[in-house]
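J.: work-v1.txt is the file, holding compact mmCIF, C-alpha atoms:
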# COMPACT_ATOMS: atom_id res chain seq x y z
CA MET A 6 -8.38 17.43 16.42
CA SER A 7 -10.44 14.43 17.46
CA ALA A 8 -8.85 11.10 18.34
CA PRO A 9 -8.65 8.84 15.31
CA GLU A 10 -10.22 5.43 15.11
CA PRO A 11 -7.46 2.86 15.45
CA LEU A 12 -6.76 0.94 12.25
CA LEU A 13 -8.08 -2.30 13.67
CA ASP A 14 -6.91 -5.33 11.88
CA THR A 15 -6.81 -9.07 12.15
CA THR A 16 -3.64 -11.04 11.88
CA THR A 17 -3.49 -12.89 8.60
CA ALA A 18 -1.21 -15.66 7.45
CA VAL A 19 1.09 -15.03 4.52
CA GLY A 20 2.23 -18.23 2.87
CA ALA A 21 5.84 -18.99 2.00
CA TRP A 22 7.10 -18.42 -1.54
CA THR A 23 5.43 -20.92 -3.80
CA THR A 24 5.06 -21.58 -7.50
CA GLY A 25 2.27 -20.54 -9.84
CA THR A 26 1.72 -22.09 -13.26
CA ILE A 27 -0.19 -20.11 -15.86
CA VAL A 28 -3.16 -22.12 -17.12
CA GLU A 29 -5.11 -19.32 -18.84
CA ILE A 30 -3.96 -16.06 -20.36
CA GLU A 31 -6.15 -13.46 -22.05
CA ARG A 32 -4.80 -10.24 -23.53
CA THR A 33 -6.37 -6.97 -24.60
CA ALA A 34 -4.56 -3.81 -25.67
CA ARG A 35 -3.41 -2.81 -22.16
CA LEU A 36 -4.54 -5.66 -19.92
CA VAL A 37 -3.52 -9.24 -19.29
CA ARG A 38 -5.82 -11.58 -17.37
CA LEU A 39 -3.93 -14.52 -15.85
CA ARG A 40 -5.29 -17.63 -14.19
CA LEU A 41 -2.77 -19.71 -12.28
CA VAL A 42 -2.56 -22.98 -10.40
CA VAL A 43 -0.85 -22.24 -7.07
CA ALA A 44 1.36 -25.11 -5.89
CA ASP A 45 0.73 -24.43 -2.20
CA PRO A 46 -2.37 -22.23 -1.97
CA VAL A 47 -3.40 -20.30 1.16
CA ASP A 48 -7.02 -19.10 1.60
CA HIS A 49 -7.44 -15.40 0.86
CA LEU A 50 -9.97 -12.65 1.49
CA PRO A 51 -11.29 -10.43 -1.30
CA GLY A 52 -9.14 -7.29 -1.44
CA GLN A 53 -5.82 -8.99 -0.70
CA HIS A 54 -2.92 -9.17 -3.13
CA TYR A 55 -0.09 -11.44 -4.16
CA ALA A 56 3.59 -10.71 -4.72
CA VAL A 57 4.65 -12.07 -8.11
CA ARG A 58 8.36 -12.69 -8.65
CA LEU A 59 9.98 -13.46 -11.98
CA ARG A 60 13.42 -15.07 -12.06
CA ALA A 61 15.79 -14.85 -15.01
CA GLU A 62 18.33 -17.54 -15.84
CA ASP A 63 21.11 -15.61 -14.06
CA ASP A 64 18.96 -15.46 -10.87
CA TYR A 65 18.07 -11.80 -11.38
CA THR A 66 14.56 -11.26 -10.00
CA ALA A 67 11.81 -8.67 -10.29
CA THR A 68 8.84 -8.58 -7.92
CA ARG A 69 5.51 -6.76 -8.22
CA ALA A 70 2.26 -6.81 -6.25
CA TYR A 71 -1.05 -7.55 -7.98
CA SER A 72 -4.58 -7.52 -6.55
CA ILE A 73 -6.44 -10.81 -6.57
CA ALA A 74 -9.48 -10.92 -8.87
CA SER A 75 -10.61 -14.43 -7.98
CA ASP A 76 -12.89 -15.02 -5.01
CA PRO A 77 -11.95 -17.37 -2.17
CA GLY A 78 -14.13 -20.15 -3.61
CA ASP A 79 -12.20 -20.24 -6.89
CA ALA A 80 -9.71 -23.10 -7.19
CA LEU A 81 -7.45 -20.95 -9.37
CA LEU A 82 -5.73 -17.63 -8.63
CA GLU A 83 -6.78 -14.88 -11.04
CA LEU A 84 -4.74 -11.71 -11.47
CA MET A 85 -5.31 -8.78 -13.81
CA VAL A 86 -2.11 -7.08 -14.91
CA GLU A 87 -2.19 -3.59 -16.40
CA CYS A 88 0.60 -2.90 -18.89
CA LEU A 89 2.73 0.09 -17.98
CA PRO A 90 5.07 1.75 -20.48
CA GLY A 91 8.41 -0.05 -20.27
CA GLY A 92 7.00 -2.25 -17.50
CA GLU A 93 9.55 -4.90 -16.66
CA VAL A 94 7.03 -7.38 -15.24
CA SER A 95 3.79 -6.25 -16.91
CA GLY A 96 5.62 -6.15 -20.25
CA TYR A 97 6.75 -9.74 -19.75
CA PHE A 98 3.17 -10.87 -19.14
CA HIS A 99 1.86 -8.89 -22.09
CA ASP A 100 4.48 -9.82 -24.67
CA GLU A 101 6.07 -13.08 -23.63
CA ALA A 102 4.17 -15.23 -21.10
CA ARG A 103 2.24 -18.28 -22.26
CA VAL A 104 0.30 -21.18 -20.77
CA GLY A 105 2.59 -23.48 -18.82
CA ASP A 106 5.04 -20.77 -17.75
CA MET A 107 5.90 -20.65 -14.06
CA VAL A 108 6.28 -17.68 -11.73
CA GLU A 109 7.01 -17.41 -8.02
CA LEU A 110 4.15 -16.29 -5.78
CA ARG A 111 3.87 -15.08 -2.21
CA GLY A 112 0.60 -14.30 -0.51
CA PRO A 113 -2.08 -13.55 0.25
CA ILE A 114 -0.88 -10.21 1.61
CA GLY A 115 -2.75 -7.48 3.46
CA GLY A 116 -5.31 -7.73 6.23
CA TRP A 117 -6.86 -4.26 6.10
CA PHE A 118 -8.17 -3.70 2.60
CA THR A 119 -10.41 -6.77 2.79
CA TRP A 120 -14.13 -7.50 2.74
CA ASN A 121 -15.49 -10.82 3.96
CA GLY A 122 -19.16 -10.09 3.37
CA ASP A 123 -20.08 -9.08 6.91
CA VAL A 124 -20.59 -5.32 6.44
CA THR A 125 -22.38 -3.19 3.86
CA ALA A 126 -19.89 -1.32 1.73
CA VAL A 127 -19.49 1.07 -1.16
CA CYS A 128 -16.43 0.61 -3.38
CA LEU A 129 -14.89 3.17 -5.72
CA GLY A 130 -12.35 1.82 -8.17
CA GLY A 131 -10.40 3.78 -10.77
CA GLY A 132 -9.12 1.86 -13.81
CA SER A 133 -7.29 -1.27 -12.71
CA GLY A 134 -8.25 -0.28 -9.16
CA VAL A 135 -11.52 -2.16 -9.75
CA VAL A 136 -9.76 -5.55 -9.58
CA PRO A 137 -10.15 -6.12 -5.81
CA PHE A 138 -13.82 -5.18 -6.16
CA VAL A 139 -14.29 -7.89 -8.80
CA ALA A 140 -13.09 -10.38 -6.17
CA MET A 141 -15.53 -8.84 -3.67
CA LEU A 142 -18.46 -9.02 -6.15
CA ARG A 143 -17.70 -12.65 -6.94
CA HIS A 144 -17.50 -13.40 -3.22
CA ALA A 145 -20.81 -11.62 -2.59
CA ARG A 146 -22.49 -13.59 -5.36
CA ARG A 147 -21.20 -16.88 -4.01
CA LEU A 148 -22.39 -16.01 -0.48
CA GLY A 149 -25.71 -14.64 -1.73
CA VAL A 150 -25.12 -11.20 -0.15
CA THR A 151 -24.90 -9.02 -3.28
CA ASP A 152 -27.19 -6.49 -1.55
CA ARG A 153 -24.32 -5.61 0.84
CA LEU A 154 -21.93 -4.38 -1.86
CA ARG A 155 -22.21 -1.36 -4.12
CA VAL A 156 -19.45 -0.86 -6.68
CA VAL A 157 -18.62 2.30 -8.61
CA ALA A 158 -16.18 1.74 -11.48
CA VAL A 159 -14.48 4.79 -12.98
CA ALA A 160 -12.40 4.71 -16.17
CA ARG A 161 -11.54 6.93 -19.11
CA THR A 162 -13.21 4.62 -21.64
CA LEU A 163 -15.06 1.32 -21.53
CA ASP A 164 -12.12 -0.40 -23.26
CA ALA A 165 -9.79 0.76 -20.49
CA LEU A 166 -12.01 -0.70 -17.75
CA PRO A 167 -10.97 -4.21 -16.66
CA TYR A 168 -13.92 -6.59 -16.28
CA ALA A 169 -16.31 -4.02 -17.81
CA ALA A 170 -18.90 -6.62 -18.88
CA GLU A 171 -18.76 -8.48 -15.56
CA LEU A 172 -19.06 -5.25 -13.57
CA ASP A 173 -22.02 -4.12 -15.68
CA GLU A 174 -23.77 -7.46 -15.28
CA ALA A 175 -23.22 -7.36 -11.50
CA GLY A 176 -24.99 -3.99 -11.34
CA ALA A 177 -21.94 -1.79 -10.77
CA PHE A 178 -22.35 1.91 -11.53
CA ILE A 179 -19.93 2.69 -14.35
CA ALA A 180 -18.77 6.30 -14.80
CA LEU A 181 -16.63 7.02 -17.86
CA THR A 182 -14.71 10.28 -17.91
CA ARG A 183 -13.78 10.47 -21.62
CA GLU A 184 -16.73 8.95 -23.46
CA ASN A 185 -20.50 8.90 -23.08
CA LEU A 186 -22.16 5.70 -21.89
CA ASP A 187 -25.85 4.96 -22.45
CA GLY A 188 -26.81 8.61 -22.35
CA ARG A 189 -24.53 9.49 -19.40
CA VAL A 190 -22.27 12.31 -20.52
CA ALA A 191 -18.54 11.74 -19.92
CA ALA A 192 -17.69 12.94 -16.38
CA PRO A 193 -16.38 11.64 -13.07
CA PRO A 194 -19.14 10.48 -10.72
CA TYR A 195 -21.20 13.31 -9.20
CA VAL A 196 -22.03 13.54 -5.50
CA GLU A 197 -25.70 13.18 -6.47
CA GLU A 198 -24.91 9.91 -8.22
CA LEU A 199 -23.03 8.53 -5.19
CA GLN A 200 -25.47 9.71 -2.52
CA PRO A 201 -27.96 6.82 -2.92
CA LEU A 202 -25.08 4.31 -2.98
CA VAL A 203 -23.49 5.71 0.17
CA ASP A 204 -26.77 5.90 2.12
CA GLY A 205 -26.76 3.36 4.92
CA VAL A 206 -23.40 1.71 4.23
CA GLU A 207 -20.96 1.03 7.04
CA ARG A 208 -17.70 1.14 5.10
CA GLY A 209 -16.06 2.57 2.01
CA TYR A 210 -13.25 1.14 -0.11
CA VAL A 211 -11.21 3.22 -2.55
CA CYS A 212 -8.65 1.76 -4.94
CA GLY A 213 -6.80 3.47 -7.76
CA SER A 214 -4.08 5.97 -8.55
CA VAL A 215 -3.05 8.63 -6.05
CA GLY A 216 -5.08 11.26 -7.91
CA PHE A 217 -8.11 9.00 -8.09
CA ALA A 218 -7.87 8.06 -4.40
CA SER A 219 -7.70 11.70 -3.40
CA TYR A 220 -10.75 12.54 -5.54
CA ALA A 221 -12.70 9.44 -4.46
CA THR A 222 -12.17 9.91 -0.73
CA ARG A 223 -13.19 13.56 -1.02
CA ILE A 224 -16.39 12.86 -2.94
CA LEU A 225 -17.31 9.98 -0.60
CA GLY A 226 -16.93 12.48 2.24
CA GLU A 227 -19.21 14.93 0.44
CA ALA A 228 -21.71 12.12 -0.02
CA GLY A 229 -21.72 11.61 3.76
CA LEU A 230 -19.21 8.84 4.48
CA PRO A 231 -16.80 9.73 7.33
CA ALA A 232 -13.06 9.46 6.56
CA ALA A 233 -12.58 6.93 9.37
CA ALA A 234 -14.96 4.53 7.57
CA ILE A 235 -12.91 4.61 4.34
CA ARG A 236 -10.13 2.14 3.53
CA VAL A 237 -7.75 3.10 0.77
CA GLU A 238 -5.39 1.25 -1.52
CA GLN A 239 -3.48 3.49 -3.89
CA PHE A 240 -0.69 3.03 -6.37
CA GLY A 241 1.36 4.95 -8.88
CA ALA A 242 3.66 7.93 -8.83
CA THR A 243 3.34 11.57 -7.91
CA ALA A 244 5.54 14.25 -9.41
CA MET B 23 12.91 -21.71 -7.16
CA PRO B 24 11.94 -22.05 -10.82
CA ILE B 25 13.22 -19.90 -13.67
CA THR B 26 10.44 -18.01 -15.45
CA ARG B 27 10.87 -18.98 -19.10
CA GLY B 28 11.39 -16.03 -21.39
CA PHE B 29 11.98 -13.48 -18.60
CA THR B 30 15.17 -11.51 -19.03
CA GLY B 31 14.47 -8.37 -17.01
CA ARG B 32 16.05 -4.96 -17.19
CA PRO B 33 19.67 -4.64 -18.30
CA ARG B 34 21.97 -5.44 -15.35
CA ARG B 35 24.75 -3.09 -16.49
CA GLY B 36 24.79 0.15 -14.59
CA ARG B 37 22.70 -1.28 -11.80
CA PRO B 38 24.09 0.62 -8.81
CA ASP B 39 25.61 -1.49 -6.05
CA ARG B 40 23.57 0.49 -3.58
CA LEU B 41 20.30 -1.13 -4.67
CA PRO B 42 19.33 -3.88 -2.20
CA PRO B 43 18.29 -7.23 -3.71
CA GLY B 44 14.95 -7.20 -5.55
CA GLN B 45 14.77 -3.38 -5.69
CA TYR B 46 14.68 -1.09 -8.73
CA ASP B 47 15.60 2.56 -9.07
CA ALA B 48 12.38 4.59 -9.28
CA GLY B 49 14.30 7.59 -10.63
CA ALA B 50 12.33 10.81 -10.27
CA ASP B 51 9.12 9.00 -9.25
CA TRP B 52 8.03 8.80 -5.66
CA PRO B 53 5.17 6.30 -5.45
CA VAL B 54 2.57 6.89 -2.74
CA LEU B 55 1.21 3.94 -0.79
CA THR B 56 -1.08 4.42 2.16
CA ALA B 57 -3.90 2.47 3.76
CA GLU B 58 -5.97 5.38 4.94
CA VAL B 59 -7.35 8.72 3.84
CA THR B 60 -4.55 11.32 3.65
CA PRO B 61 -5.14 13.69 6.58
CA GLN B 62 -4.87 17.43 6.08
CA LEU B 63 -3.05 18.47 9.25
CA VAL B 64 -2.31 21.98 10.43
CA PRO B 65 1.37 22.04 11.46
CA GLU B 66 0.69 24.38 14.38
CA GLU B 67 -1.78 21.82 15.81
CA TRP B 68 0.51 18.82 15.30
CA THR B 69 2.48 17.49 18.30
CA ILE B 70 4.96 14.68 18.88
CA THR B 71 4.92 12.66 22.09
CA VAL B 72 7.60 10.31 23.39
CA ASP B 73 6.20 8.11 26.14
CA GLY B 74 5.96 4.56 27.40
CA LEU B 75 9.15 3.28 29.05
CA VAL B 76 10.91 6.63 29.47
CA GLU B 77 11.95 8.61 32.54
CA ARG B 78 10.32 11.84 31.34
CA PRO B 79 7.32 11.38 28.98
CA ARG B 80 7.10 14.52 26.91
CA THR B 81 5.19 16.24 24.13
CA TRP B 82 6.69 18.81 21.76
CA SER B 83 4.73 21.27 19.65
CA TRP B 84 5.60 22.18 16.05
CA ALA B 85 7.40 25.28 17.33
CA GLU B 86 9.24 23.45 20.12
CA VAL B 87 10.52 20.68 17.87
CA HIS B 88 11.95 23.32 15.53
CA GLU B 89 13.99 24.77 18.40
CA LEU B 90 15.89 21.48 18.77
CA PRO B 91 19.16 21.08 16.85
CA GLY B 92 18.30 20.31 13.24
CA SER B 93 19.55 17.31 11.34
CA THR B 94 19.38 16.17 7.74
CA TYR B 95 19.53 12.84 5.93
CA SER B 96 20.96 12.51 2.44
CA GLY B 97 20.91 9.07 0.91
CA ASP B 98 18.59 6.35 -0.34
CA ILE B 99 15.17 5.03 0.65
CA HIS B 100 13.73 1.58 -0.10
CA CYS B 101 10.07 0.54 -0.27
CA VAL B 102 8.98 -3.08 0.21
CA THR B 103 6.96 -2.79 -3.01
CA THR B 104 10.42 -2.88 -4.69
CA TRP B 105 11.11 0.73 -5.62
CA SER B 106 14.13 2.56 -4.23
CA LYS B 107 14.80 6.25 -4.49
CA LEU B 108 18.43 7.31 -4.55
CA ASP B 109 20.01 10.50 -3.25
CA VAL B 110 17.08 12.06 -1.46
CA THR B 111 17.41 14.72 1.23
CA PHE B 112 15.18 15.10 4.25
CA GLY B 113 15.42 17.74 6.97
CA GLY B 114 14.12 17.60 10.54
CA VAL B 115 15.44 16.48 13.88
CA GLY B 116 17.20 13.28 14.94
CA VAL B 117 15.05 10.87 16.95
CA GLU B 118 18.06 10.49 19.25
CA THR B 119 17.65 14.13 20.28
CA LEU B 120 14.10 13.49 21.52
CA LEU B 121 15.07 10.21 23.17
CA GLU B 122 17.93 11.85 25.09
CA LEU B 123 15.48 14.38 26.51
CA ALA B 124 12.91 11.71 27.39
CA GLY B 125 15.45 9.21 28.83
CA PRO B 126 14.62 5.66 27.73
CA LEU B 127 14.42 3.21 30.64
CA PRO B 128 16.81 0.24 30.55
CA GLU B 129 13.99 -2.21 29.88
CA ALA B 130 12.83 -0.39 26.73
CA GLY B 131 13.72 -2.56 23.74
CA TYR B 132 11.17 -1.63 21.09
CA VAL B 133 9.27 1.37 19.84
CA MET B 134 5.82 1.69 18.35
CA ALA B 135 5.36 4.68 16.05
CA HIS B 136 1.77 5.98 16.01
CA SER B 137 0.26 8.25 13.36
CA THR B 138 -2.65 10.66 13.59
CA THR B 139 -4.60 8.25 11.37
CA GLY B 140 -4.21 5.33 13.77
CA TYR B 141 -1.47 3.75 11.62
CA THR B 142 1.20 2.03 13.68
CA THR B 143 4.55 0.36 12.99
CA ASN B 144 6.93 -1.40 15.37
CA LEU B 145 10.72 -1.17 15.38
CA PRO B 146 13.58 -2.37 17.55
CA LEU B 147 14.65 0.64 19.67
CA ASP B 148 18.24 0.28 18.45
CA ASP B 149 17.06 0.98 14.91
CA VAL B 150 15.90 4.49 15.84
CA ARG B 151 19.01 5.26 17.91
CA GLY B 152 22.56 6.12 16.97
CA GLY B 153 21.64 8.80 14.43
CA ARG B 154 19.81 6.41 12.13
CA ALA B 155 16.28 7.84 12.46
CA TRP B 156 14.69 11.26 12.05
CA LEU B 157 11.47 13.17 12.38
CA ALA B 158 11.38 14.78 8.95
CA TRP B 159 9.39 17.85 7.91
CA GLU B 160 11.38 18.89 4.86
CA TYR B 161 11.98 17.09 1.61
CA ASP B 162 14.47 18.59 -0.84
CA GLY B 163 14.45 21.81 1.16
CA ARG B 164 10.67 22.21 0.99
CA PRO B 165 7.86 21.37 3.42
CA LEU B 166 7.03 17.67 3.31
CA PRO B 167 3.77 17.30 1.32
CA PRO B 168 0.73 15.67 3.03
CA GLU B 169 0.71 12.65 0.69
CA HIS B 170 4.28 11.88 1.76
CA GLY B 171 3.44 12.19 5.44
CA GLY B 172 3.58 15.93 6.02
CA PRO B 173 3.75 17.89 8.14
CA VAL B 174 6.04 15.37 9.89
CA ARG B 175 6.92 11.74 9.24
CA LEU B 176 9.26 9.28 10.85
CA LEU B 177 12.31 8.55 8.69
CA VAL B 178 14.22 5.30 9.20
CA PRO B 179 15.97 4.99 5.85
CA HIS B 180 17.95 1.84 6.57
CA LEU B 181 14.70 -0.14 6.89
CA TYR B 182 11.86 -0.64 4.39
CA PHE B 183 9.88 2.55 4.13
CA TRP B 184 6.63 1.37 5.75
CA LYS B 185 8.59 1.71 9.03
CA SER B 186 8.92 5.44 8.30
CA ALA B 187 5.41 6.21 9.56
CA LYS B 188 3.69 9.13 7.86
CA TRP B 189 1.90 11.76 9.99
CA VAL B 190 3.75 10.46 13.07
CA THR B 191 2.54 11.87 16.36
CA ARG B 192 3.78 9.47 19.04
CA LEU B 193 6.75 7.23 19.77
CA GLU B 194 5.87 4.67 22.42
CA LEU B 195 8.78 2.81 24.00
CA MET B 196 7.99 -0.79 24.91
CA ALA B 197 9.68 -3.69 26.70
CA ALA B 198 8.32 -6.36 24.35
CA ASP B 199 7.75 -6.23 20.62
CA ARG B 200 4.19 -6.07 19.35
CA PRO B 201 3.11 -5.95 15.71
CA GLY B 202 2.00 -2.71 14.06
CA PHE B 203 -0.47 -2.21 11.23
CA TRP B 204 1.28 -3.91 8.29
CA GLU B 205 3.14 -6.27 10.59
CA ARG B 206 -0.22 -7.75 11.69
CA GLY B 207 -0.94 -8.21 7.98
CA GLY B 208 2.11 -10.40 7.55
CA TYR B 209 4.96 -7.91 7.08
CA HIS B 210 8.28 -8.30 8.86
CA ASP B 211 8.92 -6.96 12.37
CA ARG B 212 12.28 -5.42 11.37
CA GLY B 213 12.33 -4.97 7.59
CA ASP B 214 16.00 -4.75 6.61
CA PRO B 215 16.05 -4.32 2.81
CA TRP B 216 19.57 -5.79 2.51
CA LEU B 217 18.31 -9.01 4.10
CA GLU B 218 15.03 -8.83 2.11
CA GLN B 219 13.02 -8.98 5.35
CA ARG B 220 9.73 -8.29 3.57
CA TYR B 221 7.32 -10.70 5.24
CA GLN B 222 7.07 -12.55 8.55
CA GLY B 223 9.28 -15.59 8.34
CA ASP B 224 11.92 -14.03 6.09
CA PRO B 225 15.44 -14.37 7.57
As structure tokens, please, write out the structure in this file.

T.:
Amino acid sequence: MSAPEPLLDTTTAVGAWTTGTIVEIERTARLVRLRLVVADPVDHLPGQHYAVRLRAEDDYTATRAYSIASDPGDALLELMVECLPGGEVSGYFHDEARVGDMVELRGPIGGWFTWNGDVTAVCLGGGSGVVPFVAMLRHARRLGVTDRLRVVAVARTLDALPYAAELDEAGAFIALTRENLDGRVAAPPYVEELQPLVDGVERGYVCGSVGFASYATRILGEAGLPAAAIRVEQFGATA
Amino acid sequence: MPITRGFTGRPRRGRPDRLPPGQYDAGADWPVLTAEVTPQLVPEEWTITVDGLVERPRTWSWAEVHELPGSTYSGDIHCVTTWSKLDVTFGGVGVETLLELAGPLPEAGYVMAHSTTGYTTNLPLDDVRGGRAWLAWEYDGRPLPPEHGGPVRLLVPHLYFWKSAKWVTRLELMAADRPGFWERGGYHDRGDPWLEQRYQGDP
């Protein structure tokens, strides 16, 4: 067994708990896009997340983590919330929240799953796992380094893919597994499709469910990217 | 802090007293959160080393660690991402057993757990002593699966679960505290769920 690369990291500042006020809210069947004014904002890097805490009148609280979709140059904080069955927090945002409502926020959190534009990278996102890559694409566009970032977005259907139009416009490769798209037959991405995207990149990012992350890291490996160059963010349950 | 208008939350009745503040019962789910590619390790090639500020730095093989007196943990675990899992059972060996054989030096006050992936997490030495920490290779009587840190993970159930390093391979005893992987990213150096020590700066 060879010695692993250390998980090098930079120390990042996490702000204190602050308040966010919803100024925009957009809903689709299973997604809620929120834009918030943060009372005491702290600069973030694409790929980081925020803790969102809701407080009921009896002081009961529920806290969840959501990836940041906005890029560091955006004056507002944008989060994309996927609705889970019976979701205590996601259900609140989907069914109840409206402009002017306040939540508690803590962040930005995480110093590892970040991209600041300095390395070439390939990103594989599954479903709502594309959200951090939207922040990275927006950041790349603002810095004028879109050539350094290659994004692969995987979803069951186009409707289930957050930011589908924006990803398409930014040149992301979209692979749908349950419906055909522009002549591409429904299937997960093939090694042959990833090969040209992996060629020459220094780093890989994978974000999605446990099953997706396992598949994505394996296929990136088959396409030639070493495991030590891959950073993973995964969520969800296993049996 | 402000009330979120219209938020009522889950029913409070039946909420077990054993859930720390801000946690929910994940039931049968066991969410997986890792920062790196899940390694596929061969148990017979895995080793655990205790070194740093000890009298007798030592490495145990998979076979050797199984010859030590076994120990199990039955109880709850709490993740900083707010899920808790109640009544779980892990089997392995107590960290105290390894420490007694290695002999911590008086100046050792902290421990850094290292994983095969390069993941690290720091803990006060006292938190892995006194029968409160394990090296676990069984979950529910079965081999610990790779995605949950198998073949062997650290288990420190009284602290948030990121302290229970998956794929642990080294315990380094230190005189001074130094931040591990998530701790450098802003997470707490101790991580007591009952005090909600989630991030640096929490009480």

J.: Please indicate the distance in Å from atom CA of A:Phe98 to atom CA of A:Ile30, rounded to one decimal place.

T.: 8.9 Å

J.: May I ask you to extract the residues of chain B within 10 Å of chain A, using only C-alpha atoms, and to give them as a ChimeraX atom specification?

T.: /B:23-32,34,43-46,48,50-61,63-64,67-68,102-105,136-142,169-170,201-209,221-224

J.: Show me the residues close to (7.3, 20.3, 27.1) - anything with an atom within 12 Å, counting all atoms listed in the file - and format the list as a ChimeraX atom specification.

T.: /B:69-72,78-87,89,120,123-124

J.: Can you write out the residues you just picked, keeping C-alpha atoms, as an mmCIF file, in the coordinates of the input?

T.:
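Ended up saving to part_10.cif:
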data_model
loop_
_atom_site.group_PDB
_atom_site.id
_atom_site.type_symbol
_atom_site.label_atom_id
_atom_site.label_comp_id
_atom_site.auth_asym_id
_atom_site.auth_seq_id
_atom_site.Cartn_x
_atom_site.Cartn_y
_atom_site.Cartn_z
ATOM 1 C CA THR B 69 2.480 17.490 18.300
ATOM 2 C CA ILE B 70 4.960 14.680 18.880
ATOM 3 C CA THR B 71 4.920 12.660 22.090
ATOM 4 C CA VAL B 72 7.600 10.310 23.390
ATOM 5 C CA ARG B 78 10.320 11.840 31.340
ATOM 6 C CA PRO B 79 7.320 11.380 28.980
ATOM 7 C CA ARG B 80 7.100 14.520 26.910
ATOM 8 C CA THR B 81 5.190 16.240 24.130
ATOM 9 C CA TRP B 82 6.690 18.810 21.760
ATOM 10 C CA SER B 83 4.730 21.270 19.650
ATOM 11 C CA TRP B 84 5.600 22.180 16.050
ATOM 12 C CA ALA B 85 7.400 25.280 17.330
ATOM 13 C CA GLU B 86 9.240 23.450 20.120
ATOM 14 C CA VAL B 87 10.520 20.680 17.870
ATOM 15 C CA GLU B 89 13.990 24.770 18.400
ATOM 16 C CA LEU B 120 14.100 13.490 21.520
ATOM 17 C CA LEU B 123 15.480 14.380 26.510
ATOM 18 C CA ALA B 124 12.910 11.710 27.390
#

J.: For the atom pair atom CA of B:Tyr182 and atom CA of B:Ala198, what is the interatomic distance in Å to one decimal place?

T.: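 A separation of 21.1 Å between them.
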
J.: For A:Glu174, list every protein, DNA or RNA residue within 12 Å, evaluated using only C-alpha atoms, and leave out those in the same chain fewer than 2 positions away; present the list as a short mmCIF file (atom, residue, chain, number, x, y, z; two decimals) with C-alpha atoms, in the coordinates of the input.

T.:
data_model
loop_
_atom_site.label_atom_id
_atom_site.label_comp_id
_atom_site.auth_asym_id
_atom_site.auth_seq_id
_atom_site.Cartn_x
_atom_site.Cartn_y
_atom_site.Cartn_z
CA VAL A 139 -14.29 -7.89 -8.80
CA LEU A 142 -18.46 -9.02 -6.15
CA ARG A 143 -17.70 -12.65 -6.94
CA ARG A 146 -22.49 -13.59 -5.36
CA VAL A 156 -19.45 -0.86 -6.68
CA TYR A 168 -13.92 -6.59 -16.28
CA ALA A 169 -16.31 -4.02 -17.81
CA ALA A 170 -18.90 -6.62 -18.88
CA GLU A 171 -18.76 -8.48 -15.56
CA LEU A 172 -19.06 -5.25 -13.57
CA GLY A 176 -24.99 -3.99 -11.34
CA ALA A 177 -21.94 -1.79 -10.77
CA PHE A 178 -22.35 1.91 -11.53
CA ILE A 179 -19.93 2.69 -14.35
#

J.: At a cut-off of 10 Å, using all atoms listed in the file, what residues contact stretch 145-152 of chain B? Leave out same-chain residues fewer than 5 positions from it and give the result as a VMD selection string.

T.: chain B and resid 116 to 119 121 to 122 126 130 to 135 176 to 181 185 to 186 195 to 202 210 to 213

J.: Between A:Asp123, A:Asp164, A:Asp76, A:Asp204, which is the closest to A:Met141 once you count all atoms listed in the file?

T.: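 When distances to A:Met141 are compared using all atoms listed in the file, the smallest one comes from A:Asp76.
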
J.: What separation in Å, quoted to one decimal, exists between atom CA of B:Ser93 and atom CA of B:Lys188?

T.: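 Computing the Euclidean distance for atom CA of B:Ser93 and atom CA of B:Lys188 yields 18.2 Å.
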
J.: Can you work out which one of B:Arg175, B:His100, B:Arg40, B:Arg154 has the shortest atom-to-atom distance to B:Gly114, counting all atoms listed in the file?

T.: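 Comparing B:Arg175, B:His100, B:Arg40, B:Arg154 against B:Gly114, the winner is B:Arg175.
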
J.: Between A:Thr182, A:Ser133, A:Ser75, A:Asn121, which one has atoms that come closest to A:Arg153, using all atoms listed in the file?

T.: A:Asn121

J.: Starting from 5 Å padding per side, set up an axis-aligned box that covers all listed atoms of stretch 201-220 of chain A and hand over centre and edge lengths in Å, one decimal, as lines of an AutoDock Vina configuration file.

T.:
center_x = -15.5
center_y = 6.8
center_z = -0.8
size_x = 34.9
size_y = 21.5
size_z = 25.6

J.: Would you mind telling me which residue in B:Leu108, B:Ile99, B:Asp73, B:Glu194 lies nearest to B:Gly49 when using all atoms listed in the file?

T.: B:Leu108
